[in-house]
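What follows is model-v2.txt (compact mmCIF, N, CA and C atoms).
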# COMPACT_ATOMS: atom_id res chain seq x y z
N MET A 13 -20.89 0.91 24.71
CA MET A 13 -19.53 0.48 24.95
C MET A 13 -18.65 1.71 25.16
N LYS A 14 -18.14 1.78 26.34
CA LYS A 14 -17.28 2.91 26.64
C LYS A 14 -15.92 2.39 27.05
N GLY A 15 -14.89 2.86 26.36
CA GLY A 15 -13.53 2.45 26.67
C GLY A 15 -12.86 3.46 27.56
N PRO A 16 -11.60 3.25 27.81
CA PRO A 16 -10.87 4.21 28.63
C PRO A 16 -10.75 5.54 27.91
N PRO A 17 -10.63 6.62 28.68
CA PRO A 17 -10.51 7.94 28.05
C PRO A 17 -9.25 8.01 27.20
N VAL A 18 -9.37 8.66 26.05
CA VAL A 18 -8.25 8.81 25.14
C VAL A 18 -8.06 10.29 24.86
N LYS A 19 -6.83 10.74 24.98
CA LYS A 19 -6.54 12.14 24.68
C LYS A 19 -6.49 12.31 23.17
N ALA A 20 -7.14 13.34 22.68
CA ALA A 20 -7.25 13.57 21.24
C ALA A 20 -5.87 13.70 20.58
N LYS A 21 -4.95 14.41 21.21
CA LYS A 21 -3.61 14.59 20.62
C LYS A 21 -2.87 13.27 20.54
N THR A 22 -2.99 12.45 21.58
CA THR A 22 -2.33 11.15 21.60
C THR A 22 -2.90 10.25 20.51
N LEU A 23 -4.20 10.21 20.41
CA LEU A 23 -4.86 9.39 19.40
C LEU A 23 -4.49 9.86 18.00
N SER A 24 -4.49 11.15 17.80
CA SER A 24 -4.15 11.72 16.49
C SER A 24 -2.73 11.33 16.10
N ALA A 25 -1.81 11.39 17.02
CA ALA A 25 -0.41 11.02 16.75
C ALA A 25 -0.29 9.53 16.43
N GLN A 26 -1.02 8.71 17.17
CA GLN A 26 -1.00 7.27 16.94
C GLN A 26 -1.57 6.94 15.56
N LEU A 27 -2.66 7.58 15.19
CA LEU A 27 -3.27 7.34 13.89
C LEU A 27 -2.35 7.77 12.75
N LYS A 28 -1.71 8.91 12.92
CA LYS A 28 -0.80 9.42 11.89
C LYS A 28 0.38 8.46 11.71
N LYS A 29 0.93 7.97 12.82
CA LYS A 29 2.06 7.04 12.77
C LYS A 29 1.65 5.73 12.10
N ALA A 30 0.49 5.20 12.46
CA ALA A 30 0.01 3.94 11.88
C ALA A 30 -0.27 4.11 10.39
N SER A 31 -0.85 5.23 10.00
CA SER A 31 -1.15 5.49 8.61
C SER A 31 0.13 5.61 7.79
N SER A 32 1.11 6.29 8.32
CA SER A 32 2.39 6.45 7.64
C SER A 32 3.09 5.10 7.47
N ALA A 33 3.05 4.28 8.50
CA ALA A 33 3.67 2.95 8.44
C ALA A 33 2.96 2.08 7.41
N SER A 34 1.65 2.16 7.35
CA SER A 34 0.88 1.38 6.38
C SER A 34 1.20 1.81 4.95
N ALA A 35 1.27 3.11 4.73
CA ALA A 35 1.59 3.62 3.40
C ALA A 35 2.98 3.16 2.97
N GLN A 36 3.93 3.15 3.90
CA GLN A 36 5.28 2.71 3.57
C GLN A 36 5.32 1.22 3.26
N THR A 37 4.53 0.44 3.99
CA THR A 37 4.46 -1.00 3.73
C THR A 37 3.91 -1.26 2.33
N VAL A 38 2.83 -0.60 1.98
CA VAL A 38 2.24 -0.77 0.64
C VAL A 38 3.25 -0.33 -0.42
N ALA A 39 3.92 0.79 -0.18
CA ALA A 39 4.92 1.29 -1.14
C ALA A 39 6.02 0.26 -1.34
N ASP A 40 6.57 -0.24 -0.26
CA ASP A 40 7.67 -1.21 -0.35
C ASP A 40 7.24 -2.49 -1.05
N ARG A 41 6.07 -2.98 -0.71
CA ARG A 41 5.58 -4.23 -1.30
C ARG A 41 5.29 -4.04 -2.79
N LEU A 42 4.69 -2.90 -3.16
CA LEU A 42 4.38 -2.66 -4.57
C LEU A 42 5.66 -2.56 -5.39
N ILE A 43 6.65 -1.85 -4.89
CA ILE A 43 7.92 -1.73 -5.59
C ILE A 43 8.53 -3.12 -5.79
N SER A 44 8.54 -3.90 -4.74
CA SER A 44 9.14 -5.23 -4.78
C SER A 44 8.41 -6.16 -5.75
N LEU A 45 7.09 -6.23 -5.63
CA LEU A 45 6.30 -7.12 -6.49
C LEU A 45 6.36 -6.68 -7.95
N ARG A 46 6.32 -5.38 -8.18
CA ARG A 46 6.39 -4.88 -9.55
C ARG A 46 7.72 -5.25 -10.19
N ALA A 47 8.80 -5.09 -9.43
CA ALA A 47 10.14 -5.42 -9.94
C ALA A 47 10.26 -6.93 -10.19
N GLU A 48 9.75 -7.74 -9.26
CA GLU A 48 9.81 -9.20 -9.42
C GLU A 48 9.08 -9.65 -10.68
N ARG A 49 7.99 -8.95 -11.03
CA ARG A 49 7.21 -9.32 -12.20
C ARG A 49 7.71 -8.67 -13.48
N GLY A 50 8.65 -7.75 -13.35
CA GLY A 50 9.24 -7.11 -14.51
C GLY A 50 8.39 -6.04 -15.15
N PHE A 51 7.52 -5.40 -14.37
CA PHE A 51 6.66 -4.35 -14.91
C PHE A 51 7.27 -2.98 -14.67
N SER A 52 7.14 -2.11 -15.64
CA SER A 52 7.43 -0.70 -15.41
C SER A 52 6.20 -0.11 -14.73
N GLN A 53 6.35 1.08 -14.17
CA GLN A 53 5.19 1.74 -13.58
C GLN A 53 4.12 1.96 -14.64
N ALA A 54 4.54 2.36 -15.83
CA ALA A 54 3.59 2.65 -16.91
C ALA A 54 2.81 1.40 -17.32
N ARG A 55 3.52 0.28 -17.45
CA ARG A 55 2.85 -0.96 -17.89
C ARG A 55 1.90 -1.47 -16.82
N LEU A 56 2.34 -1.43 -15.55
CA LEU A 56 1.46 -1.86 -14.46
C LEU A 56 0.21 -0.99 -14.42
N ALA A 57 0.39 0.31 -14.55
CA ALA A 57 -0.74 1.23 -14.53
C ALA A 57 -1.71 0.94 -15.67
N GLU A 58 -1.17 0.72 -16.86
CA GLU A 58 -1.99 0.43 -18.03
C GLU A 58 -2.83 -0.83 -17.81
N LEU A 59 -2.20 -1.90 -17.35
CA LEU A 59 -2.91 -3.16 -17.15
C LEU A 59 -3.93 -3.09 -16.02
N ALA A 60 -3.62 -2.29 -14.99
CA ALA A 60 -4.53 -2.16 -13.84
C ALA A 60 -5.62 -1.13 -14.06
N GLY A 61 -5.48 -0.34 -15.13
CA GLY A 61 -6.49 0.68 -15.41
C GLY A 61 -6.41 1.88 -14.49
N VAL A 62 -5.19 2.22 -14.09
CA VAL A 62 -4.98 3.42 -13.28
C VAL A 62 -3.91 4.28 -13.96
N ASP A 63 -3.77 5.49 -13.50
CA ASP A 63 -2.79 6.41 -14.07
C ASP A 63 -1.39 6.05 -13.57
N ARG A 64 -0.37 6.24 -14.40
CA ARG A 64 1.01 5.96 -13.99
C ARG A 64 1.39 6.80 -12.79
N LYS A 65 0.89 8.03 -12.73
CA LYS A 65 1.18 8.90 -11.59
C LYS A 65 0.65 8.31 -10.29
N THR A 66 -0.44 7.57 -10.38
CA THR A 66 -0.99 6.91 -9.19
C THR A 66 0.00 5.87 -8.66
N ILE A 67 0.57 5.08 -9.55
CA ILE A 67 1.57 4.09 -9.14
C ILE A 67 2.76 4.79 -8.50
N ASN A 68 3.22 5.86 -9.13
CA ASN A 68 4.34 6.63 -8.61
C ASN A 68 4.04 7.18 -7.21
N ARG A 69 2.86 7.75 -7.03
CA ARG A 69 2.50 8.33 -5.73
C ARG A 69 2.39 7.25 -4.66
N ILE A 70 1.85 6.07 -5.02
CA ILE A 70 1.76 4.97 -4.06
C ILE A 70 3.17 4.54 -3.65
N GLU A 71 4.04 4.35 -4.64
CA GLU A 71 5.40 3.88 -4.37
C GLU A 71 6.24 4.89 -3.59
N ASN A 72 5.87 6.15 -3.67
CA ASN A 72 6.58 7.19 -2.91
C ASN A 72 5.91 7.51 -1.58
N GLY A 73 4.84 6.77 -1.27
CA GLY A 73 4.15 6.96 0.00
C GLY A 73 3.34 8.23 0.09
N HIS A 74 2.99 8.81 -1.06
CA HIS A 74 2.23 10.06 -1.07
C HIS A 74 0.75 9.85 -1.34
N PHE A 75 0.33 8.61 -1.46
CA PHE A 75 -1.06 8.32 -1.83
C PHE A 75 -1.49 7.03 -1.17
N SER A 76 -2.65 7.04 -0.57
CA SER A 76 -3.20 5.85 0.04
C SER A 76 -4.23 5.26 -0.92
N PRO A 77 -3.91 4.14 -1.56
CA PRO A 77 -4.80 3.60 -2.58
C PRO A 77 -6.10 3.04 -2.00
N SER A 78 -7.14 3.12 -2.81
CA SER A 78 -8.43 2.57 -2.41
C SER A 78 -8.39 1.05 -2.49
N LEU A 79 -9.36 0.42 -1.91
CA LEU A 79 -9.47 -1.04 -1.98
C LEU A 79 -9.59 -1.48 -3.44
N ASP A 80 -10.32 -0.73 -4.24
CA ASP A 80 -10.46 -1.04 -5.66
C ASP A 80 -9.10 -1.02 -6.37
N THR A 81 -8.31 -0.01 -6.11
CA THR A 81 -6.99 0.09 -6.74
C THR A 81 -6.08 -1.04 -6.28
N LEU A 82 -6.09 -1.35 -4.98
CA LEU A 82 -5.28 -2.45 -4.47
C LEU A 82 -5.71 -3.78 -5.09
N THR A 83 -7.00 -3.95 -5.27
CA THR A 83 -7.51 -5.18 -5.88
C THR A 83 -7.05 -5.29 -7.33
N ARG A 84 -7.15 -4.19 -8.07
CA ARG A 84 -6.70 -4.18 -9.47
C ARG A 84 -5.21 -4.53 -9.56
N LEU A 85 -4.42 -3.94 -8.67
CA LEU A 85 -2.98 -4.21 -8.68
C LEU A 85 -2.69 -5.67 -8.34
N SER A 86 -3.41 -6.21 -7.36
CA SER A 86 -3.17 -7.60 -6.97
C SER A 86 -3.53 -8.57 -8.10
N VAL A 87 -4.57 -8.25 -8.86
CA VAL A 87 -4.95 -9.11 -9.99
C VAL A 87 -3.85 -9.09 -11.06
N VAL A 88 -3.37 -7.89 -11.41
CA VAL A 88 -2.34 -7.78 -12.43
C VAL A 88 -1.03 -8.41 -11.96
N LEU A 89 -0.69 -8.22 -10.69
CA LEU A 89 0.55 -8.77 -10.15
C LEU A 89 0.43 -10.26 -9.77
N LYS A 90 -0.78 -10.79 -9.91
CA LYS A 90 -1.04 -12.20 -9.59
C LYS A 90 -0.59 -12.53 -8.17
N CYS A 91 -1.10 -11.73 -7.24
CA CYS A 91 -0.79 -11.95 -5.84
C CYS A 91 -2.06 -11.74 -5.02
N ARG A 92 -2.00 -12.13 -3.78
CA ARG A 92 -3.14 -11.88 -2.88
C ARG A 92 -3.13 -10.42 -2.46
N LEU A 93 -4.27 -9.90 -2.15
CA LEU A 93 -4.37 -8.54 -1.66
C LEU A 93 -3.49 -8.36 -0.42
N SER A 94 -3.47 -9.36 0.43
CA SER A 94 -2.66 -9.29 1.64
C SER A 94 -1.16 -9.15 1.33
N ASP A 95 -0.73 -9.65 0.17
CA ASP A 95 0.67 -9.51 -0.22
C ASP A 95 1.07 -8.06 -0.43
N LEU A 96 0.10 -7.22 -0.73
CA LEU A 96 0.36 -5.79 -0.95
C LEU A 96 0.31 -4.97 0.33
N VAL A 97 -0.43 -5.45 1.32
CA VAL A 97 -0.66 -4.61 2.50
C VAL A 97 0.04 -5.10 3.76
N GLU A 98 0.56 -6.32 3.73
CA GLU A 98 1.25 -6.84 4.91
C GLU A 98 2.75 -6.81 4.68
N ALA A 99 3.48 -6.39 5.70
CA ALA A 99 4.94 -6.36 5.60
C ALA A 99 5.46 -7.78 5.39
N LYS A 100 6.46 -7.87 4.55
CA LYS A 100 7.06 -9.17 4.27
C LYS A 100 7.81 -9.64 5.50
N ARG A 101 7.56 -10.85 5.89
CA ARG A 101 8.23 -11.41 7.07
C ARG A 101 9.50 -12.12 6.66
N ASN A 102 10.51 -11.94 7.48
CA ASN A 102 11.77 -12.65 7.23
C ASN A 102 11.64 -14.09 7.68
N LYS A 103 12.12 -14.99 6.84
CA LYS A 103 12.10 -16.41 7.20
C LYS A 103 13.27 -16.68 8.12
N ARG A 104 13.03 -17.50 9.14
CA ARG A 104 14.09 -17.83 10.10
C ARG A 104 14.83 -19.05 9.68

Can you give me the file's structure in the form of structure tokens?
Amino acid sequence: MKGPPVKAKTLSAQLKKASSASAQTVADRLISLRAERGFSQARLAELAGVDRKTINRIENGHFSPSLDTLTRLSVVLKCRLSDLVEAKRNKR
């Protein structure tokens, strides 16, 4: 399977932009869900079995959590995994 030629610089820029947008989405959703549930960063981290600094880094967009970490957070927050990784849609 061969697709159209892709310039390395263009692809690299696209990947960086997509990764940054994804990290921001996860950060925004985690902040929102954590606040809705009334958890501090420390309490969420304790219940999920991760370090509080990990929660802080995710919420500040400085860390891309693993699937395991996202799953742990979704269990504690009682939400679907997709609720953490998909941007919240505005209802019309």

How far is it from atom CA of Lys65 of chain A to atom CA of Gln53 of chain A, in Å with one decimal? 8.4 Å

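Between atom C of Asn68 of chain A and atom N of Ser94 of chain A the separation is 19.7 Å.
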
Interatomic distance, atom CA of Gly73 of chain A to atom CA of Ala35 of chain A (Å, one decimal): 5.4 Å

Enclosing box along x, y and z for every listed atom of segment 73-90 of chain A, padded 3 Å each side, centre and size in Å, one decimal, as lines of an AutoDock Vina configuration file:
center_x = -2.8
center_y = -1.2
center_z = -6.2
size_x = 21.3
size_y = 28.6
size_z = 18.5

Nearest residue to Ala99 of chain A from the set A:Arg41, A:His74, A:Arg84, A:Lys28 (distances using only C-alpha atoms): A:Arg41

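Proximity to Val38 of chain A was assessed for A:Leu85, A:Arg92, A:Gly61, A:Val97 counting only N, CA and C atoms; the smallest distance is recorded for A:Val97.
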
Please report, as a PyMOL selection string, each residue of chain A to which DSSP assigns alpha helix (DSSP H) when run on this structure's backbone. chain A and resi 20-49+53-60+64-71+79-89+93-97

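In this comparison, which uses all atoms listed in the file, the residue of A:Ser86, A:Asn72, A:Thr66, A:Gln26 approaching Asp40 of chain A most closely is A:Asn72.
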
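Of the listed residues (A:Leu89, A:Ser76, A:Thr37, A:Asp95), A:Leu89 comes nearest to Arg49 of chain A; the distances count only C-alpha atoms.
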
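Closest approach to Leu96 of chain A among A:Asp63, A:Leu42, A:Thr83, A:Ser78: A:Leu42, based on only N, CA and C atoms.
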